[in-house]
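Source file data.txt; content: compact mmCIF, C-alpha atoms.
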# COMPACT_ATOMS: atom_id res chain seq x y z
CA GLU A 1 70.03 100.07 92.99
CA ASP A 2 72.59 97.60 91.68
CA GLN A 3 74.29 95.40 94.24
CA VAL A 4 77.37 93.20 93.97
CA THR A 5 78.53 90.82 96.68
CA GLN A 6 81.78 88.91 96.41
CA SER A 7 82.83 85.90 98.44
CA PRO A 8 85.00 84.92 100.07
CA GLU A 9 86.61 88.19 101.18
CA ALA A 10 89.97 86.45 101.26
CA LEU A 11 91.21 83.12 99.95
CA ARG A 12 94.54 81.46 100.54
CA LEU A 13 95.57 78.62 98.23
CA GLN A 14 98.59 76.45 97.74
CA GLU A 15 100.17 76.56 94.31
CA GLY A 16 98.29 74.16 92.07
CA GLU A 17 95.18 74.09 94.28
CA SER A 18 92.22 75.03 92.08
CA SER A 19 89.28 77.03 93.46
CA SER A 20 86.51 79.49 92.57
CA LEU A 21 85.56 83.02 93.51
CA ASN A 22 81.91 84.03 93.64
CA CYS A 23 80.17 87.23 92.58
CA SER A 24 76.43 87.55 93.30
CA TYR A 25 74.64 90.47 91.73
CA THR A 26 71.31 92.26 91.61
CA VAL A 27 70.58 94.56 88.69
CA SER A 28 67.45 95.83 86.97
CA GLY A 29 68.84 94.81 83.60
CA LEU A 30 72.36 93.48 83.08
CA ARG A 31 74.32 95.19 80.36
CA GLY A 32 77.55 93.44 81.30
CA LEU A 33 79.44 91.81 84.16
CA PHE A 34 83.15 92.55 84.43
CA TRP A 35 86.05 90.91 86.19
CA TYR A 36 89.16 92.91 87.04
CA ARG A 37 92.41 92.06 88.76
CA GLN A 38 94.03 94.62 91.06
CA ASP A 39 97.60 94.33 92.29
CA PRO A 40 98.71 96.34 95.35
CA GLY A 41 99.33 99.98 94.51
CA LYS A 42 97.97 99.65 90.97
CA GLY A 43 94.78 100.29 89.07
CA PRO A 44 92.26 97.56 88.22
CA GLU A 45 93.31 95.54 85.18
CA PHE A 46 90.54 94.29 82.91
CA LEU A 47 90.12 90.50 82.62
CA PHE A 48 86.69 89.60 81.20
CA THR A 49 83.29 90.91 80.16
CA LEU A 50 80.28 88.57 80.28
CA TYR A 51 77.01 89.65 78.72
CA SER A 52 74.42 86.92 79.20
CA ALA A 53 73.68 83.83 81.28
CA GLY A 54 75.50 80.75 80.09
CA GLU A 55 78.45 82.67 78.71
CA GLU A 56 81.98 81.55 79.58
CA LYS A 57 85.37 83.15 78.91
CA GLU A 58 88.88 81.85 79.52
CA LYS A 59 92.31 83.37 79.81
CA GLU A 60 95.27 81.23 80.83
CA ARG A 61 94.39 79.73 84.23
CA LEU A 62 91.22 81.82 84.65
CA LYS A 63 87.71 80.99 83.52
CA ALA A 64 84.69 83.20 84.14
CA THR A 65 81.11 81.97 83.99
CA LEU A 66 77.77 83.74 84.31
CA THR A 67 74.27 82.82 85.45
CA LYS A 68 71.28 85.10 85.97
CA LYS A 69 72.24 85.70 89.59
CA GLU A 70 75.97 85.15 89.90
CA SER A 71 79.32 84.79 88.25
CA PHE A 72 82.21 82.54 89.13
CA LEU A 73 85.89 83.07 88.48
CA HIS A 74 87.51 79.64 88.39
CA ILE A 75 91.24 79.48 88.93
CA THR A 76 92.89 76.27 87.74
CA ALA A 77 96.28 75.25 89.13
CA PRO A 78 97.07 78.77 90.37
CA LYS A 79 100.60 80.13 90.61
CA PRO A 80 101.97 82.68 93.09
CA GLU A 81 101.77 85.37 90.39
CA ASP A 82 97.98 84.97 90.41
CA SER A 83 97.94 86.54 93.87
CA ALA A 84 95.89 89.76 93.67
CA THR A 85 92.52 91.22 94.54
CA TYR A 86 89.85 90.15 92.05
CA LEU A 87 87.04 92.63 91.55
CA CYS A 88 83.62 91.98 90.06
CA ALA A 89 81.48 94.79 88.67
CA VAL A 90 78.15 95.15 86.87
CA GLN A 91 76.86 97.65 84.36
CA ASP A 92 73.12 98.05 83.90
CA TYR A 93 70.75 99.60 81.42
CA SER A 94 70.19 102.83 83.36
CA GLY A 95 69.55 104.55 80.10
CA GLY A 96 71.35 107.10 78.03
CA SER A 97 75.09 107.26 78.36
CA ASN A 98 75.22 106.06 81.98
CA TYR A 99 77.84 103.32 81.86
CA LYS A 100 78.88 103.39 85.49
CA LEU A 101 80.29 100.25 87.06
CA THR A 102 79.04 99.06 90.43
CA PHE A 103 81.81 97.10 92.11
CA GLY A 104 81.89 94.43 94.76
CA LYS A 105 84.40 94.68 97.58
CA GLY A 106 86.71 92.15 95.99
CA THR A 107 88.33 88.85 96.92
CA LEU A 108 91.95 88.95 98.04
CA LEU A 109 93.62 85.85 96.63
CA THR A 110 96.95 84.67 97.98
CA VAL A 111 98.70 81.73 96.33
CA ASN A 112 101.54 80.25 98.33
CA PRO A 113 104.42 78.45 96.58
CA ASP B 1 102.89 103.58 76.01
CA THR B 2 100.48 104.27 78.88
CA ALA B 3 96.81 104.05 77.95
CA VAL B 4 95.34 105.96 80.92
CA SER B 5 97.72 108.11 82.92
CA GLN B 6 97.21 110.19 86.04
CA THR B 7 99.27 112.88 87.74
CA PRO B 8 100.38 113.10 90.41
CA LYS B 9 100.77 109.56 91.67
CA TYR B 10 100.98 110.70 95.28
CA LEU B 11 99.52 113.81 96.87
CA VAL B 12 100.05 114.76 100.50
CA THR B 13 98.45 117.99 101.64
CA GLN B 14 96.97 119.85 104.58
CA MET B 15 93.30 120.14 105.45
CA GLY B 16 91.68 123.14 103.84
CA ASN B 17 93.95 123.21 100.79
CA ASP B 18 92.76 123.01 97.19
CA LYS B 19 94.30 120.42 94.86
CA SER B 20 93.87 119.03 91.36
CA ILE B 21 94.41 115.62 89.81
CA LYS B 22 94.88 115.23 86.08
CA CYS B 23 93.98 112.31 83.82
CA GLU B 24 94.78 111.66 80.18
CA GLN B 25 93.91 108.75 77.92
CA ASN B 26 95.39 107.91 74.53
CA LEU B 27 92.91 105.16 73.64
CA GLY B 28 90.65 107.39 71.56
CA HIS B 29 87.76 106.77 73.97
CA ASP B 30 84.84 109.15 74.30
CA THR B 31 83.87 108.51 77.91
CA MET B 32 85.95 109.12 81.04
CA TYR B 33 85.28 108.47 84.72
CA TRP B 34 86.49 109.24 88.21
CA TYR B 35 86.26 106.56 90.91
CA LYS B 36 87.19 106.73 94.58
CA GLN B 37 88.67 103.74 96.39
CA ASP B 38 88.43 104.03 100.16
CA SER B 39 90.58 102.47 102.85
CA LYS B 40 88.55 99.27 102.61
CA LYS B 41 89.42 99.04 98.92
CA PHE B 42 85.81 99.68 97.84
CA LEU B 43 85.62 101.35 94.41
CA LYS B 44 82.78 103.81 93.86
CA ILE B 45 81.87 105.96 90.86
CA MET B 46 82.04 109.72 91.31
CA PHE B 47 81.69 111.30 87.87
CA SER B 48 81.51 110.44 84.21
CA TYR B 49 81.95 112.58 81.11
CA ASN B 50 80.89 111.58 77.62
CA ASN B 51 82.24 113.75 74.81
CA LYS B 52 83.00 116.49 77.36
CA GLU B 53 79.43 116.37 78.73
CA LEU B 54 78.81 115.49 82.38
CA ILE B 55 76.76 112.27 82.41
CA ILE B 56 77.13 110.89 85.92
CA ASN B 57 77.37 112.95 89.09
CA GLU B 58 76.93 110.65 92.04
CA THR B 59 76.39 111.89 95.57
CA VAL B 60 79.67 113.74 95.85
CA PRO B 61 80.25 116.93 97.87
CA ASN B 62 80.30 119.99 95.63
CA ARG B 63 83.87 120.61 96.81
CA PHE B 64 84.71 118.12 94.05
CA SER B 65 84.53 119.57 90.56
CA PRO B 66 85.44 117.62 87.44
CA LYS B 67 86.45 119.34 84.25
CA SER B 68 86.94 117.90 80.78
CA PRO B 69 88.78 120.25 78.42
CA ASP B 70 88.62 117.65 75.62
CA LYS B 71 87.72 113.99 75.11
CA ALA B 72 91.22 112.82 76.09
CA HIS B 73 91.44 114.66 79.40
CA LEU B 74 89.44 114.68 82.61
CA ASN B 75 90.65 116.59 85.64
CA LEU B 76 89.40 116.58 89.20
CA HIS B 77 89.64 119.66 91.38
CA ILE B 78 89.02 119.40 95.10
CA ASN B 79 88.42 122.47 97.25
CA SER B 80 88.81 122.77 101.00
CA LEU B 81 90.22 119.28 101.46
CA GLU B 82 89.00 117.29 104.46
CA LEU B 83 90.51 114.31 106.29
CA GLY B 84 87.79 112.05 104.85
CA ASP B 85 88.93 112.84 101.31
CA SER B 86 92.00 110.68 101.87
CA ALA B 87 91.68 107.82 99.41
CA VAL B 88 92.93 106.55 96.08
CA TYR B 89 91.31 108.24 93.08
CA PHE B 90 91.19 106.34 89.81
CA CYS B 91 90.50 107.67 86.38
CA ALA B 92 89.06 105.34 83.73
CA SER B 93 87.97 105.54 80.13
CA SER B 94 85.77 103.55 77.77
CA GLY B 95 84.93 103.62 74.11
CA ALA B 96 81.91 102.85 72.01
CA SER B 97 81.43 99.09 71.84
CA GLY B 98 77.72 98.63 71.29
CA GLY B 99 76.39 97.16 74.51
CA ALA B 100 78.50 97.07 77.64
CA LYS B 101 81.46 99.40 77.75
CA THR B 102 84.68 98.03 79.15
CA GLN B 103 86.48 100.58 81.30
CA TYR B 104 90.25 100.83 81.45
CA PHE B 105 91.75 102.27 84.59
CA GLY B 106 94.71 104.48 85.31
CA PRO B 107 97.30 103.74 88.01
CA GLY B 108 95.57 105.88 90.64
CA THR B 109 96.41 108.97 92.67
CA ARG B 110 96.96 108.39 96.35
CA LEU B 111 95.68 111.40 98.27
CA LEU B 112 96.53 111.84 101.93
CA VAL B 113 95.03 114.80 103.78
CA LEU B 114 96.75 115.68 107.06
In structure tokens, what does this structure look like?
Amino acid sequence: EDQVTQSPEALRLQEGESSSLNCSYTVSGLRGLFWYRQDPGKGPEFLFTLYSAGEEKEKERLKATLTKKESFLHITAPKPEDSATYLCAVQDYSGGSNYKLTFGKGTLLTVNP
Amino acid sequence: DTAVSQTPKYLVTQMGNDKSIKCEQNLGHDTMYWYKQDSKKFLKIMFSYNNKELIINETVPNRFSPKSPDKAHLNLHINSLELGDSAVYFCASSGASGGAKTQYFGPGTRLLVL
């Protein structure tokens, strides 16, 4: 069974203080690793998909990287508007049309001005 | 121009009642999903439909019955509601993209069972 563990559970940063969120995963065969952002009272918002070890993707202050065992979401010079819960999820090759996502419990990021 | 929409946004009801949640997507996707997010914010797959065919049916009580009238709609009917059903239910959809399928989520339906 796929497993996703995110750390830390919560992270508090000062504006401009760069840091990283971790997502460790166990899958039989990785089809894709996904990062989402979730604001309070809203649905998860898609950020990135990573497919294979060594891949990196960037969007504004966010950069996601992937190894065979974990993914990092690096946040450079964060702003208060980056405050949210960041969710990591994996999709495996279960076969057929099974594209379910297995999520981690998320990291609650708070950026203070 | 909402991509994945759900109704209602909030649902407060008594134990034992039957209720339905509706989901619609205008992305042209062929696969739709229902997820449950519990009080600890943990998201877990419940069901998935691909071209109106049930693909995923995780360990969910049979009081929960999904129904897909067409590729753009996926509804969730819940019978005999229990206190433990209180949660946020998210609908999602994904299209054909070769390998991994990115899922796009709706805004959620907050269900409170009293």
* Long-range neighbours of range 99-103 of chain B as an MDAnalysis selection string, 12 Å cut-off, all atoms listed in the file, 6 positions minimum in chain -> (chainID A and resid 29:36 43:52 89:102) or (chainID B and resid 3:4 25 27 29:35 45 48 90:93)
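For the residues B:Asn57, B:Phe42, B:Asp85, B:Phe47, ranking by smallest atom-to-atom distance to chain A using all atoms listed in the file places B:Phe42 first.
Atom pair CA of Glu82 in chain B / CA of Ser20 in chain B: separated by 14.1 Å.
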* To do: Would you mind reading off the distance between CA of Leu13 in chain A and CA of Ser71 in chain A, one decimal, in Å?
  => 20.0 Å
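Of the residues under consideration (A:Thr67, A:Thr107, A:Asn112, A:Asn22), A:Thr107 shows the shortest atom-to-atom contact distance to chain B when counting all atoms listed in the file.
Taking all atoms listed in the file into account, chain A lies nearest to B:Lys41 out of the set B:Lys36, B:Lys52, B:Lys22, B:Lys41.
The smallest atom-to-atom distance between Lys71 in chain B and any of B:Met46, B:Leu54, B:Leu112, B:Leu11, using all atoms listed in the file, is found for B:Leu54.
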* Structure fact -> What separates CA of Ile78 in chain B and CA of Ser94 in chain B is a distance of 23.7 Å
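Closest approach to Lys67 in chain B among B:Ala87, B:Ile21, B:Leu111, B:Leu81: B:Ile21, based on all atoms listed in the file.
Closest approach to Tyr86 in chain A from the set A:Leu108, A:Leu11, A:Leu66, A:Val27 is made by A:Leu108, with distances taken over only C-alpha atoms.
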* With a distance cut-off of 8 Å and only C-alpha atoms, select the neighbouring residues of Lys105 in chain A, excluding the residue or stretch itself and same-chain residues fewer than 6 positions from it, and output the selection as an MDAnalysis selection string. => (chainID A and resid 5:6 9 87) or (chainID B and resid 40:43)
Dump of C-alpha atoms for the selected residues, as a PDB file, in the frame of the given file:
ATOM      1  CA  THR A   5      78.530  90.820  96.680  1.00  0.00           C
ATOM      2  CA  GLN A   6      81.780  88.910  96.410  1.00  0.00           C
ATOM      3  CA  GLU A   9      86.610  88.190 101.180  1.00  0.00           C
ATOM      4  CA  LEU A  87      87.040  92.630  91.550  1.00  0.00           C
TER       5      LEU A  87
ATOM      6  CA  LYS B  40      88.550  99.270 102.610  1.00  0.00           C
ATOM      7  CA  LYS B  41      89.420  99.040  98.920  1.00  0.00           C
ATOM      8  CA  PHE B  42      85.810  99.680  97.840  1.00  0.00           C
ATOM      9  CA  LEU B  43      85.620 101.350  94.410  1.00  0.00           C
TER      10      LEU B  43
END
Thr2 in chain B surroundings by only C-alpha atoms, 12 Å radius, close-in-sequence under 2 positions cut, as an mmCIF file with C-alpha atoms, in the frame of the given file:
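Now in result-v3.cif:
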data_model
loop_
_atom_site.group_PDB
_atom_site.id
_atom_site.type_symbol
_atom_site.label_atom_id
_atom_site.label_comp_id
_atom_site.auth_asym_id
_atom_site.auth_seq_id
_atom_site.Cartn_x
_atom_site.Cartn_y
_atom_site.Cartn_z
ATOM 1 C CA VAL B 4 95.340 105.960 80.920
ATOM 2 C CA SER B 5 97.720 108.110 82.920
ATOM 3 C CA GLN B 6 97.210 110.190 86.040
ATOM 4 C CA CYS B 23 93.980 112.310 83.820
ATOM 5 C CA GLU B 24 94.780 111.660 80.180
ATOM 6 C CA GLN B 25 93.910 108.750 77.920
ATOM 7 C CA ASN B 26 95.390 107.910 74.530
ATOM 8 C CA LEU B 27 92.910 105.160 73.640
ATOM 9 C CA TYR B 104 90.250 100.830 81.450
ATOM 10 C CA PHE B 105 91.750 102.270 84.590
ATOM 11 C CA GLY B 106 94.710 104.480 85.310
ATOM 12 C CA PRO B 107 97.300 103.740 88.010
#
* Mind checking which residues fall within 8 Å of Leu114 in chain B, counting all atoms listed in the file, ignoring those fewer than 3 positions away in the same chain, and posting them as a ChimeraX atom specification? => /B:12-15,83
Once you have the residues from the selection above, write them out as a PDB file, keeping the file's coordinate frame, restricted to C-alpha atoms.
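What ended up in out.pdb:
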ATOM      1  CA  VAL B  12     100.050 114.760 100.500  1.00  0.00           C
ATOM      2  CA  THR B  13      98.450 117.990 101.640  1.00  0.00           C
ATOM      3  CA  GLN B  14      96.970 119.850 104.580  1.00  0.00           C
ATOM      4  CA  MET B  15      93.300 120.140 105.450  1.00  0.00           C
ATOM      5  CA  LEU B  83      90.510 114.310 106.290  1.00  0.00           C
TER       6      LEU B  83
END
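The protein and nucleic acid residues lying at most 7 Å from range 54-65 of chain A are Phe48, Ser71, Phe72, Leu73, His74, Ile75, Thr76, Ala77 and Pro78 of chain A, with all atoms listed in the file considered and sequence neighbours fewer than 6 positions away removed.
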